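Enquirer: Quick one: this structure, given as structure tokens, is what I'll be asking you about.
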Amino acid sequence: RSLCDWSSDVCSSDLFLGVDVFLVISGAVVTSSLLRRQPRGAGRWLADFYGRRFRRLLPALLLMVLVTSVAYAVVASPFEDGDLPSLRTGVMAIFGVANLYLLRQSSHYFAADQHFNPFLHTWSLSVEEQYYLIWPWLLLLCGLGRGREEPRRRRRLAWWTTALLGASLLFFAHLQASG
């Protein structure tokens, strides 16, 4: 189809395929980058990683939220009840939890009430930031990033990754079943 029928579940899932592919590639690149770094102790290894993430993401995110908020305030009245969730989404994006805020609001990407939310796209950045928060710790838990890599450490990582994937699928199924 050349034009997307926005009410179609097939089309909406097709639109997220690009985000899924990006997140998988980003995860592989981040993991590779983390494992190539010379470990100088777990604390220093983590501090270097988080420092690089903050320097790369935070300035652009803050500028985007500021400029978008000002533009939104000029075009719409940000103090009306209907517009406050949009601005809150921007604030939540700064803290890396826009996806959780949108989930709590019981809204989804294609909902009519989200059509004019200028920060709706930040849900994917929040997912990425949450990955950055958790993944290095999982690598350390498995013994990676601490020097010489051993096959058993990679097997441990594969086991933990599979267990976390299974847990997240069960949680998703629970959310779907409970409405």
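Convention: chains lettered A, B, ... in structure tokens order; per-chain residue numbering from 1; ligands numbered from 1 as shown.
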With 12 Å as the cut-off and only C-alpha atoms counted, what is the closest atom pair between each nearby residue of stretch 103-174 of chain A and stretch 17-20 of chain A? Distances in Å to one decimal, ordered by chain and number, as a Markdown table.
Expert:
| residue | atom | partner | partner_atom | distance |
| --- | --- | --- | --- | --- |
| A:His121 | CA | A:Val19 | CA | 10.5 |
| A:Thr122 | CA | A:Val19 | CA | 11.7 |
| A:Trp123 | CA | A:Val19 | CA | 10.6 |
| A:Ser124 | CA | A:Val19 | CA | 7.4 |
| A:Leu125 | CA | A:Val19 | CA | 10.0 |
| A:Val127 | CA | A:Val19 | CA | 10.5 |
| A:Glu128 | CA | A:Val19 | CA | 10.4 |
Enquirer: Deliver the residues from the most recent selection as a file, using N, CA and C atoms, as a short mmCIF file (atom, residue, chain, number, x, y, z; two decimals), in the first residue's frame.
Expert:
data_model
loop_
_atom_site.label_atom_id
_atom_site.label_comp_id
_atom_site.auth_asym_id
_atom_site.auth_seq_id
_atom_site.Cartn_x
_atom_site.Cartn_y
_atom_site.Cartn_z
N HIS A 121 7.33 11.07 20.11
CA HIS A 121 8.42 10.27 19.56
C HIS A 121 9.51 9.94 20.59
N THR A 122 9.52 10.62 21.73
CA THR A 122 10.58 10.41 22.70
C THR A 122 10.46 9.09 23.46
N TRP A 123 9.37 8.36 23.23
CA TRP A 123 9.23 7.06 23.89
C TRP A 123 10.38 6.14 23.49
N SER A 124 10.79 6.18 22.21
CA SER A 124 11.85 5.28 21.77
C SER A 124 13.20 5.67 22.36
N LEU A 125 13.43 6.96 22.53
CA LEU A 125 14.66 7.41 23.19
C LEU A 125 14.68 6.96 24.65
N VAL A 127 13.29 4.24 25.82
CA VAL A 127 13.62 2.82 25.81
C VAL A 127 15.13 2.64 25.67
N GLU A 128 15.73 3.40 24.79
CA GLU A 128 17.17 3.31 24.58
C GLU A 128 17.94 3.73 25.85
#
Enquirer: Write out as a ChimeraX atom specification which residues come within 12 Å of A:Ser33 when counting only C-alpha atoms, dropping same-chain ones fewer than 3 positions away.
Expert: /A:26-30,36-39,45,48-49,52-53,136,145
Enquirer: For the selection just defined, write its residues with N, CA and C atoms to a file, as an mmCIF file, in the first residue's frame.
Expert:
data_model
loop_
_atom_site.group_PDB
_atom_site.id
_atom_site.type_symbol
_atom_site.label_atom_id
_atom_site.label_comp_id
_atom_site.auth_asym_id
_atom_site.auth_seq_id
_atom_site.Cartn_x
_atom_site.Cartn_y
_atom_site.Cartn_z
ATOM 1 N N SER A 26 21.572 -0.671 17.563
ATOM 2 C CA SER A 26 22.147 0.157 18.616
ATOM 3 C C SER A 26 22.649 -0.706 19.769
ATOM 4 N N GLY A 27 21.888 -1.708 20.155
ATOM 5 C CA GLY A 27 22.307 -2.611 21.226
ATOM 6 C C GLY A 27 23.571 -3.363 20.872
ATOM 7 N N ALA A 28 23.664 -3.815 19.631
ATOM 8 C CA ALA A 28 24.868 -4.527 19.199
ATOM 9 C C ALA A 28 26.078 -3.597 19.183
ATOM 10 N N VAL A 29 25.894 -2.378 18.698
ATOM 11 C CA VAL A 29 26.991 -1.415 18.647
ATOM 12 C C VAL A 29 27.451 -1.040 20.053
ATOM 13 N N VAL A 30 26.508 -0.789 20.947
ATOM 14 C CA VAL A 30 26.847 -0.424 22.324
ATOM 15 C C VAL A 30 27.570 -1.576 23.019
ATOM 16 N N ARG A 36 34.993 -3.636 23.903
ATOM 17 C CA ARG A 36 36.299 -3.229 23.374
ATOM 18 C C ARG A 36 37.070 -2.334 24.332
ATOM 19 N N ARG A 37 36.370 -1.685 25.240
ATOM 20 C CA ARG A 37 37.016 -0.757 26.180
ATOM 21 C C ARG A 37 37.934 -1.517 27.127
ATOM 22 N N GLN A 38 39.070 -0.929 27.383
ATOM 23 C CA GLN A 38 39.998 -1.520 28.332
ATOM 24 C C GLN A 38 39.457 -1.317 29.742
ATOM 25 N N PRO A 39 39.206 -2.385 30.446
ATOM 26 C CA PRO A 39 38.683 -2.240 31.806
ATOM 27 C C PRO A 39 39.750 -1.692 32.755
ATOM 28 N N TRP A 45 34.933 1.917 34.444
ATOM 29 C CA TRP A 45 34.356 1.431 33.191
ATOM 30 C C TRP A 45 32.935 1.969 33.024
ATOM 31 N N ASP A 48 32.949 5.914 32.622
ATOM 32 C CA ASP A 48 33.309 6.303 31.251
ATOM 33 C C ASP A 48 32.128 6.114 30.306
ATOM 34 N N PHE A 49 31.448 4.984 30.435
ATOM 35 C CA PHE A 49 30.307 4.698 29.562
ATOM 36 C C PHE A 49 29.188 5.714 29.757
ATOM 37 N N ARG A 52 30.051 9.204 28.469
ATOM 38 C CA ARG A 52 29.917 9.317 27.000
ATOM 39 C C ARG A 52 28.448 9.431 26.594
ATOM 40 N N ARG A 53 27.574 8.648 27.225
ATOM 41 C CA ARG A 53 26.140 8.696 26.881
ATOM 42 C C ARG A 53 25.561 10.069 27.198
ATOM 43 N N PRO A 136 24.946 -2.300 30.798
ATOM 44 C CA PRO A 136 26.320 -2.406 31.300
ATOM 45 C C PRO A 136 26.417 -3.166 32.628
ATOM 46 N N GLY A 145 33.680 -7.211 30.571
ATOM 47 C CA GLY A 145 34.133 -5.850 30.820
ATOM 48 C C GLY A 145 35.121 -5.771 31.959
#
Enquirer: I'd like to know which of A:Leu164, A:Arg55, A:Leu175, A:Ile25 is closest to A:Arg104, using only C-alpha atoms.
Expert: A:Leu175
Enquirer: Pick the closest to A:Gln105 from A:Ala42, A:Arg88, A:Ala93, A:His174: which is it, counting only C-alpha atoms?
Expert: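 Closest to A:Gln105, using only C-alpha atoms: A:Arg88.
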Enquirer: Report, in Å with one decimal, the straight-line distance from atom CA of A:Leu66 to atom CA of A:Ile134.
Expert: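 We find that atom CA of A:Leu66 and atom CA of A:Ile134 lie 27.3 Å from each other.
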Enquirer: I need the residues of stretch 13-177 of chain A that end up classed as helix (DSSP H, G or I) by DSSP on the backbone, written out as a ChimeraX atom specification.
Expert: /A:13-36,42-75,84-94,98-104,112-114,122-141,151-177
Enquirer: Using only C-alpha atoms, find the one residue out of A:Leu63, A:Leu100, A:Leu140, A:Val70 that sits nearest to A:Gly43.
Expert: A:Leu140
Enquirer: Pick out the closest residue to A:Arg56 from this set: A:Val97, A:Ser86, A:Leu120, A:Glu129. Count only C-alpha atoms.
Expert: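 Checking each of A:Val97, A:Ser86, A:Leu120, A:Glu129 against A:Arg56, counting only C-alpha atoms, the winner is A:Glu129.
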